[in-house]
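For reference, query_27.txt is printed below; it contains compact mmCIF, C-alpha atoms.
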# COMPACT_ATOMS: atom_id res chain seq x y z
CA MET A 1086 -52.03 20.30 23.29
CA GLY A 1087 -52.66 17.14 21.24
CA LYS A 1088 -51.18 18.70 18.09
CA LYS A 1089 -48.08 19.82 20.02
CA ILE A 1090 -47.51 16.31 21.35
CA LEU A 1091 -47.92 14.83 17.86
CA LEU A 1092 -45.48 17.37 16.43
CA PHE A 1093 -42.99 16.52 19.17
CA PHE A 1094 -43.08 12.81 18.36
CA VAL A 1095 -42.73 13.47 14.61
CA LEU A 1096 -39.70 15.67 15.29
CA LEU A 1097 -38.24 13.04 17.61
CA LEU A 1098 -38.70 10.31 14.99
CA THR A 1099 -37.00 12.49 12.37
CA ILE A 1100 -34.03 13.09 14.64
CA GLU A 1101 -33.72 9.39 15.49
CA THR A 1102 -33.93 8.40 11.81
CA SER A 1103 -31.29 10.90 10.72
CA SER A 1104 -28.99 9.89 13.58
CA ALA A 1105 -29.31 6.23 12.58
CA GLN A 1106 -27.97 6.83 9.09
CA LYS A 1107 -25.39 8.95 7.34
CA VAL A 1108 -25.92 10.19 3.79
CA LYS A 1109 -22.97 10.91 1.51
CA LYS A 1110 -23.30 12.24 -2.04
CA ILE A 1111 -20.17 11.77 -4.14
CA ASN A 1112 -19.45 13.69 -7.31
CA LEU A 1113 -17.44 11.19 -9.35
CA HIS A 1114 -16.40 13.91 -11.79
CA THR A 1115 -14.71 15.77 -8.93
CA GLU A 1116 -13.18 12.62 -7.48
CA ILE A 1117 -11.45 11.69 -10.71
CA ASN A 1118 -10.21 15.24 -11.32
CA LYS A 1119 -8.67 15.32 -7.85
CA ASN A 1120 -7.09 11.86 -8.23
CA ARG A 1121 -9.04 10.43 -5.31
CA LEU A 1122 -9.85 7.10 -6.95
CA HIS A 1123 -8.00 3.80 -7.17
CA ILE A 1124 -8.53 2.47 -10.70
CA ALA A 1125 -7.83 -1.19 -11.46
CA ASN A 1126 -7.55 -2.48 -15.06
CA ARG A 1127 -9.34 0.43 -16.72
CA ILE A 1128 -8.85 4.00 -17.87
CA ALA A 1129 -11.32 6.44 -16.32
CA SER A 1130 -12.29 9.71 -18.00
CA PRO A 1131 -14.36 12.60 -16.58
CA LEU A 1132 -17.96 12.71 -17.77
CA ASN A 1133 -19.72 16.04 -17.44
CA ASP A 1134 -23.11 17.23 -18.59
CA GLU A 1135 -25.97 19.03 -16.89
CA LYS A 1136 -27.54 15.97 -15.26
CA TYR A 1137 -24.76 13.40 -15.22
CA GLN A 1138 -21.49 14.52 -13.68
CA GLY A 1139 -19.48 11.37 -13.34
CA LEU A 1140 -16.95 9.22 -15.09
CA GLU A 1141 -16.62 6.82 -18.00
CA LEU A 1142 -14.58 3.60 -18.07
CA ASN A 1143 -13.08 2.21 -21.25
CA GLU A 1144 -13.47 -1.34 -22.55
CA ARG A 1145 -10.72 -3.84 -21.79
CA GLN A 1146 -10.28 -7.56 -21.22
CA GLY A 1147 -10.91 -8.71 -17.68
CA GLU A 1148 -12.94 -7.09 -14.95
CA GLY A 1149 -12.31 -3.51 -13.87
CA ILE A 1150 -13.02 -1.66 -10.65
CA VAL A 1151 -12.78 1.94 -9.50
CA TRP A 1152 -12.46 2.04 -5.71
CA LEU A 1153 -13.50 5.09 -3.73
CA GLN A 1154 -10.94 6.28 -1.21
CA ASN A 1155 -11.83 6.51 2.49
CA GLN A 1156 -15.34 5.16 1.99
CA ASN A 1157 -15.62 2.05 4.16
CA PHE A 1158 -19.11 0.53 4.02
CA SER A 1159 -20.97 -2.15 5.95
CA LYS A 1160 -24.78 -1.78 5.83
CA GLY A 1161 -27.02 0.70 4.10
CA SER A 1162 -27.86 1.58 0.52
CA ILE A 1163 -25.94 2.67 -2.56
CA GLU A 1164 -27.62 4.62 -5.35
CA ILE A 1165 -26.12 5.23 -8.77
CA ASP A 1166 -27.02 6.26 -12.31
CA LEU A 1167 -25.61 3.91 -14.94
CA LYS A 1168 -25.35 3.82 -18.71
CA GLY A 1169 -24.31 0.75 -20.67
CA GLN A 1170 -25.09 -0.34 -24.21
CA ASP A 1171 -27.19 -2.87 -26.06
CA VAL A 1172 -24.23 -4.77 -27.50
CA PHE A 1173 -24.03 -8.50 -26.80
CA GLN A 1174 -21.38 -9.43 -24.22
CA LYS A 1175 -20.03 -5.86 -24.16
CA SER A 1176 -21.92 -4.26 -21.28
CA PHE A 1177 -21.59 -5.38 -17.66
CA LEU A 1178 -21.68 -2.61 -15.08
CA GLY A 1179 -22.66 -2.08 -11.47
CA ILE A 1180 -21.44 -1.60 -7.91
CA ALA A 1181 -18.83 -3.51 -5.89
CA PHE A 1182 -19.00 -3.45 -2.09
CA HIS A 1183 -17.35 -5.01 0.96
CA GLY A 1184 -14.15 -4.88 -1.10
CA GLN A 1185 -10.93 -6.13 0.49
CA ASN A 1186 -8.75 -5.73 -2.61
CA ASP A 1187 -9.02 -5.91 -6.41
CA SER A 1188 -10.04 -9.58 -6.36
CA ILE A 1189 -12.04 -9.99 -3.12
CA TYR A 1190 -15.39 -8.21 -3.10
CA GLU A 1191 -19.12 -8.57 -3.60
CA ALA A 1192 -20.93 -6.92 -6.49
CA VAL A 1193 -24.28 -6.34 -8.09
CA TYR A 1194 -24.16 -5.62 -11.79
CA PHE A 1195 -26.41 -5.33 -14.81
CA ARG A 1196 -26.29 -6.69 -18.34
CA PRO A 1197 -28.17 -4.06 -20.42
CA PHE A 1198 -27.83 -6.15 -23.59
CA ASN A 1199 -30.12 -8.70 -21.93
CA PHE A 1200 -32.80 -6.24 -20.81
CA TYR A 1201 -34.97 -6.87 -23.89
CA ALA A 1202 -33.34 -9.95 -25.38
CA GLN A 1203 -35.68 -12.06 -27.49
CA ASP A 1204 -34.24 -15.18 -25.88
CA SER A 1205 -36.13 -15.69 -22.60
CA VAL A 1206 -33.10 -17.35 -20.99
CA ARG A 1207 -30.96 -14.30 -21.68
CA ARG A 1208 -33.60 -12.02 -20.20
CA ILE A 1209 -33.31 -13.70 -16.79
CA HIS A 1210 -29.62 -12.77 -16.82
CA ALA A 1211 -30.33 -9.02 -16.61
CA VAL A 1212 -29.14 -8.38 -13.04
CA GLN A 1213 -26.53 -10.42 -11.16
CA TYR A 1214 -25.02 -10.83 -7.68
CA ILE A 1215 -21.51 -12.24 -7.22
CA ALA A 1216 -19.06 -12.70 -4.33
CA HIS A 1217 -15.51 -13.00 -5.63
CA PRO A 1218 -13.29 -14.88 -5.69
CA LYS A 1219 -15.28 -17.99 -4.78
CA PHE A 1220 -18.81 -17.30 -5.97
CA THR A 1221 -18.42 -16.15 -9.56
CA TRP A 1222 -21.37 -15.82 -11.92
CA GLU A 1223 -20.35 -19.11 -13.58
CA LYS A 1224 -20.36 -21.02 -10.30
CA LEU A 1225 -23.64 -19.52 -9.11
CA ARG A 1226 -25.35 -20.12 -12.45
CA LYS A 1227 -24.13 -23.73 -12.59
CA GLU A 1228 -24.95 -24.67 -9.01
CA ARG A 1229 -27.95 -22.40 -8.21
CA ASN A 1230 -29.38 -21.45 -11.56
CA ALA A 1231 -31.75 -18.45 -11.69
CA GLU A 1232 -31.30 -17.66 -7.99
CA PHE A 1233 -28.61 -14.99 -8.13
CA GLU A 1234 -29.58 -13.44 -11.47
CA LYS A 1235 -33.01 -12.27 -12.54
CA VAL A 1236 -35.07 -10.61 -15.23
CA ILE A 1237 -35.90 -6.91 -14.84
CA PRO A 1238 -39.64 -6.34 -15.42
CA ASN A 1239 -40.32 -3.21 -17.49
CA ALA A 1240 -36.60 -2.79 -17.94
CA PRO A 1241 -35.15 0.61 -18.85
CA ASP A 1242 -33.66 1.53 -22.23
CA PRO A 1243 -30.51 -0.64 -22.56
CA ASN A 1244 -28.75 2.25 -24.33
CA GLY A 1245 -29.88 4.95 -21.89
CA TRP A 1246 -29.22 6.05 -18.34
CA PHE A 1247 -31.02 4.19 -15.56
CA HIS A 1248 -31.09 4.49 -11.78
CA ALA A 1249 -30.29 1.64 -9.39
CA ARG A 1250 -30.57 1.38 -5.62
CA ILE A 1251 -28.77 -1.44 -3.85
CA GLU A 1252 -29.76 -2.06 -0.23
CA ILE A 1253 -27.38 -4.13 1.87
CA SER A 1254 -28.26 -5.58 5.28
CA ALA A 1255 -26.25 -7.89 7.49
CA THR A 1256 -27.47 -10.91 5.54
CA GLU A 1257 -29.10 -9.81 2.25
CA VAL A 1258 -28.77 -7.56 -0.75
CA THR A 1259 -31.89 -6.11 -2.39
CA VAL A 1260 -31.83 -4.32 -5.74
CA PHE A 1261 -34.28 -1.77 -7.11
CA VAL A 1262 -34.30 -0.23 -10.61
CA GLU A 1263 -35.75 3.14 -11.53
CA LYS A 1264 -38.95 3.92 -9.55
CA ASN A 1265 -40.19 0.35 -9.31
CA PRO A 1266 -41.09 -0.26 -5.62
CA ASN A 1267 -40.61 -4.00 -6.10
CA PRO A 1268 -37.07 -5.40 -5.98
CA VAL A 1269 -35.63 -6.96 -9.13
CA LEU A 1270 -33.24 -9.07 -7.07
CA LYS A 1271 -33.13 -10.13 -3.41
CA VAL A 1272 -30.56 -12.70 -2.32
CA LYS A 1273 -28.44 -13.83 0.59
CA LEU A 1274 -24.94 -12.39 0.89
CA TRP A 1275 -22.30 -15.05 0.36
CA SER A 1276 -19.14 -13.25 1.40
CA SER A 1277 -17.47 -13.79 4.75
CA PHE A 1278 -16.70 -10.05 4.96
CA SER A 1279 -19.25 -7.68 6.47
CA ASP A 1280 -17.57 -4.42 5.50
CA GLY A 1281 -15.02 -3.02 3.09
CA LYS A 1282 -14.54 -0.66 0.17
CA ILE A 1283 -17.10 0.59 -2.36
CA GLY A 1284 -16.32 0.54 -6.06
CA LEU A 1285 -17.68 0.93 -9.56
CA PHE A 1286 -17.61 -2.41 -11.39
CA VAL A 1287 -17.37 -3.36 -15.07
CA GLY A 1288 -17.08 -6.85 -16.50
CA ASP A 1289 -14.91 -8.48 -19.12
CA ASN A 1290 -14.58 -6.40 -22.33
CA SER A 1291 -17.01 -3.83 -20.91
CA GLY A 1292 -16.88 -0.13 -20.24
CA GLY A 1293 -19.61 2.03 -18.79
CA LYS A 1294 -20.74 5.40 -17.50
CA PHE A 1295 -21.44 6.22 -13.85
CA ALA A 1296 -22.91 9.31 -12.18
CA ASN A 1297 -24.85 10.65 -9.18
CA LEU A 1298 -23.47 8.28 -6.57
CA LYS A 1299 -25.13 8.40 -3.15
CA ILE A 1300 -24.22 6.28 -0.14
CA ILE A 1301 -26.44 5.90 2.91
CA ARG A 1302 -24.78 4.11 5.81
CA PHE A 1303 -26.78 2.54 8.60
CA LYS A 1304 -25.13 2.93 11.97
CA SER A 1305 -26.86 0.03 13.64
For this file, write the structure as structure tokens.
Amino acid sequence: MGKKILLFFVLLLTIETSSAQKVKKINLHTEINKNRLHIANRIASPLNDEKYQGLELNERQGEGIVWLQNQNFSKGSIEIDLKGQDVFQKSFLGIAFHGQNDSIYEAVYFRPFNFYAQDSVRRIHAVQYIAHPKFTWEKLRKERNAEFEKVIPNAPDPNGWFHARIEISATEVTVFVEKNPNPVLKVKLWSSFSDGKIGLFVGDNSGGKFANLKIIRFKS
């Protein structure tokens, strides 16, 4: 009888957990082929190999975003595989969220060219949070230096694919890289918007590769 009761509670917990969140896997390769993306200031090309079915963005001046259609997001987590390059000031890529339009959004992005920089100051600029249009990286670095950008301990290959998980609560964003159980960045959200669009983000003069997008929404 005891084992049956324990099994019942485990099953109940599983049902409650699954009902409290909604998981959505998005094949970016399919989305671009079916013209289901809004692309701002970039050209997106399908990227397809055995492990990484996604898309690639070209390099161009200014920031670029690819917005997903019909994917409103408030709280939860966003997982993505990313590939930049170890070229100074030419690789800024990550995830935008709570997007209202092409200029109002929050984002977490990475600078792979800083992952293993010899300059210790550059290394602490490996991962960044921003909240546009008011809280740009320049403003945050000037007024709250080293708070909204951090080093990535045991950083991945700056020229290879790496996995990121971005967890977003009502008040904070927490970022994990690869299988490291410790966050590489945990900061307060600075946007006045609590929900909005999800997008793929690249910075000035940067392109990037994106694949294996997964969105987990928390219902409460």
Give me, as CSV, each residue of region 1176-1257 of chain A that comes within 9 Å of region 1142-1166 of chain A, together with its shortest interatomic pair and the distance in Å at one decimal, counting all atoms listed in the file, with rows ordered by chain and rising residue number.
residue,atom,partner,partner_atom,distance
A:Gly1179,CA,A:Ile1165,CA,8.5
A:Ile1180,CA,A:Ile1163,CA,8.2
A:Ala1181,CA,A:Ile1150,CA,7.7
A:Phe1182,CA,A:Phe1158,CA,7.3
A:His1183,CA,A:Phe1158,CA,6.6
A:Gly1184,CA,A:Trp1152,CA,8.5
A:Asp1187,CA,A:Ile1150,CA,7.2
A:Trp1246,CA,A:Asp1166,CA,6.4
A:Phe1247,CA,A:Asp1166,CA,5.6
A:His1248,CA,A:Asp1166,CA,4.5
A:Ala1249,CA,A:Ile1165,CA,5.5
A:Arg1250,CA,A:Glu1164,CA,4.4
A:Ile1251,CA,A:Ile1163,CA,5.2
A:Glu1252,CA,A:Ser1162,CA,4.2
A:Ile1253,CA,A:Lys1160,CA,5.3
A:Ser1254,CA,A:Lys1160,CA,5.2
A:Ala1255,CA,A:Lys1160,CA,6.5
> Just how far from CA of Leu1140 (chain A) is CA of Thr1115 (chain A), in Å to one decimal?
Replying inline: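 Interatomic distance here is 9.3 Å.
Comparing A:Leu1178, A:Val1172, A:Pro1268, A:Leu1225 by their smallest distance to Leu1285 (chain A), the closest is A:Leu1178 (using all atoms listed in the file).
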> Counting only C-alpha atoms, what is within 12 Å of Arg1226 (chain A), bar same-chain residues fewer than 5 positions away, as number ranges by chain?
Replying inline: A: 1206, 1209-1210, 1213-1215, 1220-1221, 1231-1235
>> I need the residue nearest Asn1297 (chain A) from this list: A:Phe1195, A:Lys1107, A:Ala1129, A:Gln1138. Use only C-alpha atoms for the distance.
In response: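 For Asn1297 (chain A), the nearest of the candidates is A:Gln1138.
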> If you count all atoms listed in the file, which residues fall within 8 Å of Pro1197 (chain A), apart from same-chain ones fewer than 2 positions away, as a PyMOL selection string?
Replying inline: chain A and resi 1169-1171+1176-1177+1195+1199-1200+1211+1243-1244
> For Ile1124 (chain A), which of A:Val1258, A:Lys1304, A:Phe1286, A:Ser1205 is the closest residue, counting only C-alpha atoms?
Replying inline: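 Result for the nearest residue to Ile1124 (chain A): A:Phe1286.
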>> Could you list, as a list in words, every residue within 10 Å of Gln1185 (chain A), counting all atoms listed in the file and ignoring same-chain residues fewer than 5 positions away?
In response: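 Using all atoms listed in the file, the neighbours found are Tyr1190, Glu1191, Phe1278, Asp1280, Gly1281, Lys1282 and Ile1283 of chain A.
Interatomic distance, CA of Tyr1137 (chain A) against CA of Lys1294 (chain A): 9.2 Å.
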> Quick one: distance from CA of Asn1186 (chain A) to CA of Ser1130 (chain A) in Å, one decimal?
Replying inline: 22.1 Å
> Quick one: of A:Phe1295, A:Phe1261, A:Phe1303, A:Phe1173, who's nearest to Arg1207 (chain A), counting only C-alpha atoms?
Replying inline: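 For Arg1207 (chain A), the nearest of the candidates is A:Phe1173.
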> Out of A:Ala1296, A:Val1287, A:Val1236, A:Val1262, which residue has the shortest atom-to-atom distance to Lys1175 (chain A) when counting all atoms listed in the file?
Replying inline: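 Of A:Ala1296, A:Val1287, A:Val1236, A:Val1262, the one nearest Lys1175 (chain A), counting all atoms listed in the file, is A:Val1287.
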